[in-house]
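Undergrad: Structure supplied as structure_20.txt; contents: compact mmCIF, C-alpha atoms and all ligand atoms.
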# COMPACT_ATOMS: atom_id res chain seq x y z
CA MET A 28 -17.73 -4.88 18.85
CA GLY A 29 -14.26 -3.89 19.93
CA ASN A 30 -11.46 -5.86 18.31
CA LYS A 31 -13.28 -9.19 18.16
CA LYS A 32 -11.21 -11.90 16.48
CA VAL A 33 -12.58 -12.63 13.05
CA HIS A 34 -11.91 -14.95 10.17
CA THR A 35 -10.89 -13.35 6.86
CA CYS A 36 -11.96 -14.95 3.60
CA PRO A 37 -8.79 -16.53 2.11
CA LEU A 38 -7.67 -15.78 -1.43
CA TRP A 39 -8.52 -19.27 -2.68
CA ALA A 40 -12.13 -18.70 -1.58
CA GLY A 41 -12.06 -15.40 -3.47
CA TYR A 42 -11.71 -17.46 -6.67
CA LEU A 43 -14.70 -19.62 -5.69
CA LEU A 44 -16.82 -16.51 -5.12
CA ILE A 45 -16.36 -15.34 -8.73
CA CYS A 46 -17.47 -18.70 -10.16
CA PRO A 47 -20.04 -17.97 -12.91
CA LEU A 48 -22.37 -20.66 -11.44
CA ARG A 49 -22.95 -18.34 -8.47
CA ARG A 50 -25.04 -16.19 -10.80
CA LEU A 51 -27.70 -18.88 -10.77
CA ILE A 52 -28.48 -18.17 -7.12
CA GLN A 53 -27.16 -14.60 -6.77
CA ASN A 54 -27.48 -12.68 -10.00
CA PRO A 55 -25.78 -9.28 -9.52
CA GLU A 56 -27.91 -7.53 -12.16
CA LYS A 57 -31.15 -8.86 -10.68
CA ILE A 58 -30.10 -8.01 -7.12
CA LEU A 59 -28.63 -4.56 -7.74
CA SER A 60 -30.07 -3.03 -10.91
CA PRO A 61 -33.16 -1.67 -9.07
CA TYR A 62 -30.82 0.55 -7.03
CA VAL A 63 -27.57 1.22 -8.95
CA LYS A 64 -28.02 3.78 -11.73
CA PRO A 65 -25.82 5.59 -14.29
CA GLY A 66 -23.59 8.30 -12.87
CA MET A 67 -23.70 6.99 -9.29
CA LYS A 68 -20.73 6.83 -6.94
CA VAL A 69 -20.77 3.41 -5.32
CA LEU A 70 -18.85 1.94 -2.40
CA ASP A 71 -18.24 -1.83 -2.46
CA ILE A 72 -17.00 -2.87 0.98
CA GLY A 73 -15.08 -6.15 0.92
CA PRO A 74 -15.48 -6.69 -2.83
CA GLY A 75 -13.24 -9.77 -2.95
CA MET A 76 -12.41 -10.34 -6.63
CA GLY A 77 -15.35 -8.26 -7.79
CA PHE A 78 -18.31 -10.58 -8.27
CA PHE A 79 -20.58 -7.57 -7.69
CA SER A 80 -18.10 -4.74 -8.46
CA LEU A 81 -17.78 -5.43 -12.18
CA PRO A 82 -21.54 -5.58 -12.81
CA MET A 83 -21.92 -2.38 -10.75
CA ALA A 84 -19.21 -0.71 -12.87
CA ARG A 85 -21.37 -1.52 -15.91
CA MET A 86 -24.50 -0.15 -14.18
CA VAL A 87 -22.92 3.21 -13.20
CA GLY A 88 -21.64 3.74 -16.74
CA GLU A 89 -18.84 6.05 -17.89
CA ASP A 90 -19.84 8.88 -15.57
CA GLY A 91 -20.02 6.80 -12.42
CA LYS A 92 -17.40 5.18 -10.21
CA VAL A 93 -17.15 2.12 -7.97
CA PHE A 94 -14.76 2.38 -5.01
CA CYS A 95 -13.67 -1.11 -3.91
CA VAL A 96 -12.41 -1.20 -0.33
CA ASP A 97 -10.66 -4.36 0.86
CA ILE A 98 -8.00 -5.39 3.37
CA GLN A 99 -6.36 -7.89 0.98
CA GLU A 100 -4.11 -6.69 -1.80
CA GLY A 101 -4.49 -10.04 -3.57
CA MET A 102 -8.27 -9.62 -3.81
CA LEU A 103 -7.94 -6.10 -5.23
CA SER A 104 -5.26 -6.99 -7.76
CA ALA A 105 -7.31 -9.94 -9.08
CA LEU A 106 -10.37 -7.65 -9.21
CA MET A 107 -8.49 -5.00 -11.22
CA LYS A 108 -7.09 -7.61 -13.65
CA ARG A 109 -10.62 -8.86 -14.29
CA ALA A 110 -11.87 -5.27 -14.67
CA ALA A 111 -9.10 -4.43 -17.17
CA ARG A 112 -9.99 -7.49 -19.28
CA GLU A 113 -13.54 -6.15 -19.54
CA GLY A 114 -12.52 -2.52 -20.13
CA LEU A 115 -14.03 -1.47 -16.79
CA ASP A 116 -10.86 -0.53 -14.88
CA LYS A 117 -11.31 3.22 -15.36
CA ARG A 118 -14.62 3.04 -13.53
CA ILE A 119 -13.17 1.23 -10.52
CA GLU A 120 -10.97 2.65 -7.77
CA PRO A 121 -9.28 -0.01 -5.62
CA VAL A 122 -8.75 1.09 -2.00
CA LEU A 123 -6.55 -1.06 0.25
CA ILE A 124 -7.19 -0.51 3.95
CA ASN A 125 -5.86 -1.71 7.29
CA PRO A 126 -8.67 -3.09 9.44
CA GLY A 127 -9.67 -0.62 12.14
CA ALA A 128 -7.46 2.18 10.75
CA GLY A 129 -10.23 4.22 9.17
CA LEU A 130 -11.36 4.69 5.60
CA PRO A 131 -8.80 6.53 3.44
CA LEU A 132 -11.55 8.26 1.47
CA PRO A 133 -12.46 11.97 1.27
CA ASP A 134 -14.18 12.99 4.50
CA GLU A 135 -17.36 14.12 2.78
CA PRO A 136 -20.69 12.66 1.62
CA LEU A 137 -19.72 11.17 -1.68
CA PHE A 138 -21.61 7.92 -2.13
CA ASP A 139 -25.08 7.21 -3.48
CA PHE A 140 -24.96 3.49 -2.78
CA CYS A 141 -22.98 1.13 -0.58
CA LEU A 142 -22.84 -2.65 -0.90
CA ALA A 143 -21.64 -4.84 1.96
CA PHE A 144 -22.21 -8.40 0.73
CA ALA A 145 -20.80 -11.25 2.81
CA VAL A 146 -18.28 -9.03 4.54
CA LEU A 147 -19.46 -7.41 7.79
CA HIS A 148 -19.28 -10.75 9.65
CA GLU A 149 -15.53 -10.61 8.92
CA VAL A 150 -15.12 -7.14 10.40
CA GLY A 151 -14.06 -6.94 14.05
CA GLU A 152 -14.62 -3.19 14.28
CA LYS A 153 -18.07 -3.23 12.65
CA GLU A 154 -19.56 -0.25 14.46
CA LEU A 155 -16.55 1.92 13.65
CA LEU A 156 -16.58 0.94 9.98
CA ILE A 157 -20.35 1.47 9.72
CA SER A 158 -20.16 4.92 11.27
CA GLU A 159 -17.32 5.88 8.92
CA ILE A 160 -19.34 4.67 5.93
CA SER A 161 -22.42 6.56 7.08
CA GLY A 162 -20.36 9.80 7.15
CA ARG A 163 -19.40 9.24 3.50
CA MET A 164 -22.96 8.57 2.25
CA LYS A 165 -25.11 11.23 0.62
CA GLN A 166 -28.47 11.93 2.24
CA GLY A 167 -30.94 9.68 0.46
CA GLY A 168 -28.13 7.17 -0.16
CA LEU A 169 -28.80 3.43 0.03
CA PHE A 170 -26.97 0.71 1.92
CA TYR A 171 -27.43 -2.91 0.80
CA TYR A 172 -26.43 -5.34 3.51
CA ALA A 173 -26.31 -9.12 2.98
CA GLU A 174 -24.74 -12.11 4.70
CA PRO A 175 -24.58 -15.83 3.87
CA LYS A 176 -27.17 -17.80 5.87
CA GLY A 177 -24.78 -20.72 6.48
CA HIS A 178 -22.11 -18.53 8.10
CA VAL A 179 -24.15 -15.87 9.84
CA LYS A 180 -26.95 -16.51 12.30
CA LYS A 181 -30.14 -14.46 11.96
CA ARG A 182 -29.49 -13.07 15.46
CA ASP A 183 -26.05 -11.74 14.42
CA PHE A 184 -27.43 -10.30 11.19
CA GLU A 185 -30.11 -8.46 13.20
CA MET A 186 -27.48 -7.17 15.63
CA THR A 187 -25.50 -5.64 12.77
CA LEU A 188 -28.72 -4.16 11.38
CA GLY A 189 -29.03 -2.50 14.79
CA PHE A 190 -25.56 -0.94 14.36
CA LEU A 191 -26.62 0.37 10.94
CA GLU A 192 -29.76 1.92 12.44
CA LYS A 193 -27.69 3.44 15.26
CA ALA A 194 -25.51 5.06 12.56
CA GLY A 195 -28.59 6.75 11.06
CA PHE A 196 -29.76 4.28 8.42
CA VAL A 197 -33.44 3.35 8.22
CA LEU A 198 -34.54 -0.15 7.20
CA LYS A 199 -36.59 0.07 3.99
CA GLU A 200 -36.95 -3.48 2.71
CA ARG A 201 -35.77 -7.03 3.09
CA PRO A 202 -34.97 -8.20 -0.44
CA LYS A 203 -35.14 -11.92 -1.13
CA VAL A 204 -31.72 -13.31 -2.07
CA MET A 205 -31.10 -17.05 -2.14
CA ARG A 206 -29.09 -18.44 0.78
CA SER A 207 -28.72 -14.96 2.26
CA HIS A 208 -30.06 -12.61 4.87
CA ALA A 209 -30.53 -9.27 3.10
CA ALA A 210 -31.65 -5.75 3.95
CA MET A 211 -31.88 -2.44 2.13
CA LEU A 212 -31.43 0.68 4.24
CA LEU A 213 -31.70 4.38 3.50
CA LEU A 214 -29.85 7.35 4.94
CA PRO A 215 -32.74 9.79 5.25
CA VAL A 216 -32.69 13.37 3.95
CA VAL A 217 -32.79 15.67 6.98
C1 LIG A 301 -16.46 -13.47 1.77
S1 LIG A 301 -15.60 -12.25 0.85
C2 LIG A 301 -16.96 -11.49 -0.01
C3 LIG A 301 -16.56 -10.88 -1.33
C4 LIG A 301 -17.68 -10.24 -2.13
N1 LIG A 301 -18.37 -9.21 -1.41
C5 LIG A 301 -18.65 -11.28 -2.63
O1 LIG A 301 -19.79 -11.36 -2.14
O2 LIG A 301 -18.25 -12.02 -3.55
C6 LIG A 301 -15.19 -11.03 2.05
C7 LIG A 301 -14.23 -9.95 1.58
O3 LIG A 301 -14.20 -8.91 2.58
C8 LIG A 301 -12.85 -8.52 2.79
N2 LIG A 301 -12.74 -7.92 4.13
C9 LIG A 301 -12.63 -8.54 5.33
N3 LIG A 301 -12.57 -7.64 6.32
C10 LIG A 301 -12.65 -6.41 5.75
C11 LIG A 301 -12.64 -5.08 6.25
N4 LIG A 301 -12.50 -4.81 7.56
N5 LIG A 301 -12.75 -4.06 5.38
C12 LIG A 301 -12.87 -4.33 4.04
N6 LIG A 301 -12.88 -5.57 3.51
C13 LIG A 301 -12.76 -6.59 4.35
C14 LIG A 301 -12.05 -9.79 2.58
O4 LIG A 301 -10.71 -9.53 2.30
C15 LIG A 301 -12.80 -10.41 1.38
O5 LIG A 301 -12.31 -9.90 0.17
For the structure just supplied, provide its representation as structure tokens.
TA:
Amino acid sequence: MGNKKVHTCPLWAGYLLICPLRRLIQNPEKILSPYVKPGMKVLDIGPGMGFFSLPMARMVGEDGKVFCVDIQEGMLSALMKRAAREGLDKRIEPVLINPGAGLPLPDEPLFDFCLAFAVLHEVGEKELLISEISGRMKQGGLFYYAEPKGHVKKRDFEMTLGFLEKAGFVLKERPKVMRSHAAMLLLPVV
């Protein structure tokens, strides 16, 4: 809460996170294809160099879009270079933000799906960010939240789940992802 001091994933670690071997324990297609469908508008919070963003750009197809929101220009430029090499750059919108300064996205429910994988533990202003995301999600939209077990204690993961529930999301399932705490939440239709 507040402006808690946090550690930001350095660029060199961004390169480690896109290592193809990671797919053996965290396969993006296996993890996300049950939820991400053609034509969807997706928000990837803290995408790093796009380990999940590029597969999601394939899943949403030509009519969908993946908005990648990060605080580090270096992460987003590496992500877009990788996307261009795979012909996926037109489906991805990089969004550089200042932590705590709000989301520079249209102030309307736009997104069908949001992924926050291994990022919320790095966010000092978690509650603010979560409430801003919830305002941009369509009713019926899904929020996939995951954190690395080594870095994030179960108690802290559960506390952030509480912030998500306070922002209106309802816990639907706890998917099994190796070495991770994971939860799938829904923004109900009211
Ligand atoms: C550990 S990396 C995870 C990258 C990616 N999600 C993955 O699983 O490979 C965390 C990323 O979140 C970004 N980040 C940290 N604080 C953020 C914030 N307040 N808003 C958006 N991104 C943030 C970092 O710059 C970094 O790219």
Undergrad: Got a sec: who's within 10 Å of Met164 of chain A, counting all atoms listed in the file, leaving out chain neighbours fewer than 4 positions off, as a list in words?
TA: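 Surrounding residues, per the criterion: Lys68, Val69, Leu70, Glu135, Pro136, Leu137, Phe138, Asp139, Phe140, Cys141, Glu159, Ile160, Gly168, Leu169, Phe170, Leu213 and Leu214 of chain A.
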Undergrad: Could you please extract the residues within 9 Å of ligand LIG 301 (chain A), counting all atoms listed in the file, and hand them back as a ChimeraX atom specification?
TA: /A:33-38,40-41,43-45,71-80,95-103,123-127,130,142-153,156,173-175
Undergrad: May I ask for the distance between atom CA of Thr187 of chain A and atom CA of Met83 of chain A, given in Å to one decimal place?
TA: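 Between atom CA of Thr187 of chain A and atom CA of Met83 of chain A the gap works out to 24.0 Å.
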Undergrad: What is the distance between atom CA of Ala128 of chain A and atom CA of Gly162 of chain A, in Å to one decimal?
TA: 15.4 Å
Undergrad: Quick check, in Å to one decimal: how far apart do atom CA of Leu212 of chain A and atom CA of Lys199 of chain A lie?
TA: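 Between atom CA of Leu212 of chain A and atom CA of Lys199 of chain A the gap is 5.2 Å.
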Undergrad: Which residue, A:Val216, A:Leu132, A:Leu81, A:Met211, has the smallest gap to Leu191 of chain A when you use all atoms listed in the file?
TA: A:Met211
Undergrad: Compute the distance from (-27.5, -3.0, -12.3) to each atom, counting only C-alpha atoms, keep the residues with any atom at most 12 Å away, and return them as an mmCIF file with C-alpha atoms, in the frame of the given file; use the coordinates of the file.
TA:
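Output (part00.cif):
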data_model
loop_
_atom_site.group_PDB
_atom_site.id
_atom_site.type_symbol
_atom_site.label_atom_id
_atom_site.label_comp_id
_atom_site.auth_asym_id
_atom_site.auth_seq_id
_atom_site.Cartn_x
_atom_site.Cartn_y
_atom_site.Cartn_z
ATOM 1 C CA ASN A 54 -27.480 -12.680 -10.000
ATOM 2 C CA PRO A 55 -25.780 -9.280 -9.520
ATOM 3 C CA GLU A 56 -27.910 -7.530 -12.160
ATOM 4 C CA LYS A 57 -31.150 -8.860 -10.680
ATOM 5 C CA ILE A 58 -30.100 -8.010 -7.120
ATOM 6 C CA LEU A 59 -28.630 -4.560 -7.740
ATOM 7 C CA SER A 60 -30.070 -3.030 -10.910
ATOM 8 C CA PRO A 61 -33.160 -1.670 -9.070
ATOM 9 C CA TYR A 62 -30.820 0.550 -7.030
ATOM 10 C CA VAL A 63 -27.570 1.220 -8.950
ATOM 11 C CA LYS A 64 -28.020 3.780 -11.730
ATOM 12 C CA PRO A 65 -25.820 5.590 -14.290
ATOM 13 C CA GLY A 66 -23.590 8.300 -12.870
ATOM 14 C CA MET A 67 -23.700 6.990 -9.290
ATOM 15 C CA VAL A 69 -20.770 3.410 -5.320
ATOM 16 C CA PHE A 79 -20.580 -7.570 -7.690
ATOM 17 C CA SER A 80 -18.100 -4.740 -8.460
ATOM 18 C CA LEU A 81 -17.780 -5.430 -12.180
ATOM 19 C CA PRO A 82 -21.540 -5.580 -12.810
ATOM 20 C CA MET A 83 -21.920 -2.380 -10.750
ATOM 21 C CA ALA A 84 -19.210 -0.710 -12.870
ATOM 22 C CA ARG A 85 -21.370 -1.520 -15.910
ATOM 23 C CA MET A 86 -24.500 -0.150 -14.180
ATOM 24 C CA VAL A 87 -22.920 3.210 -13.200
ATOM 25 C CA GLY A 88 -21.640 3.740 -16.740
ATOM 26 C CA PHE A 140 -24.960 3.490 -2.780
#
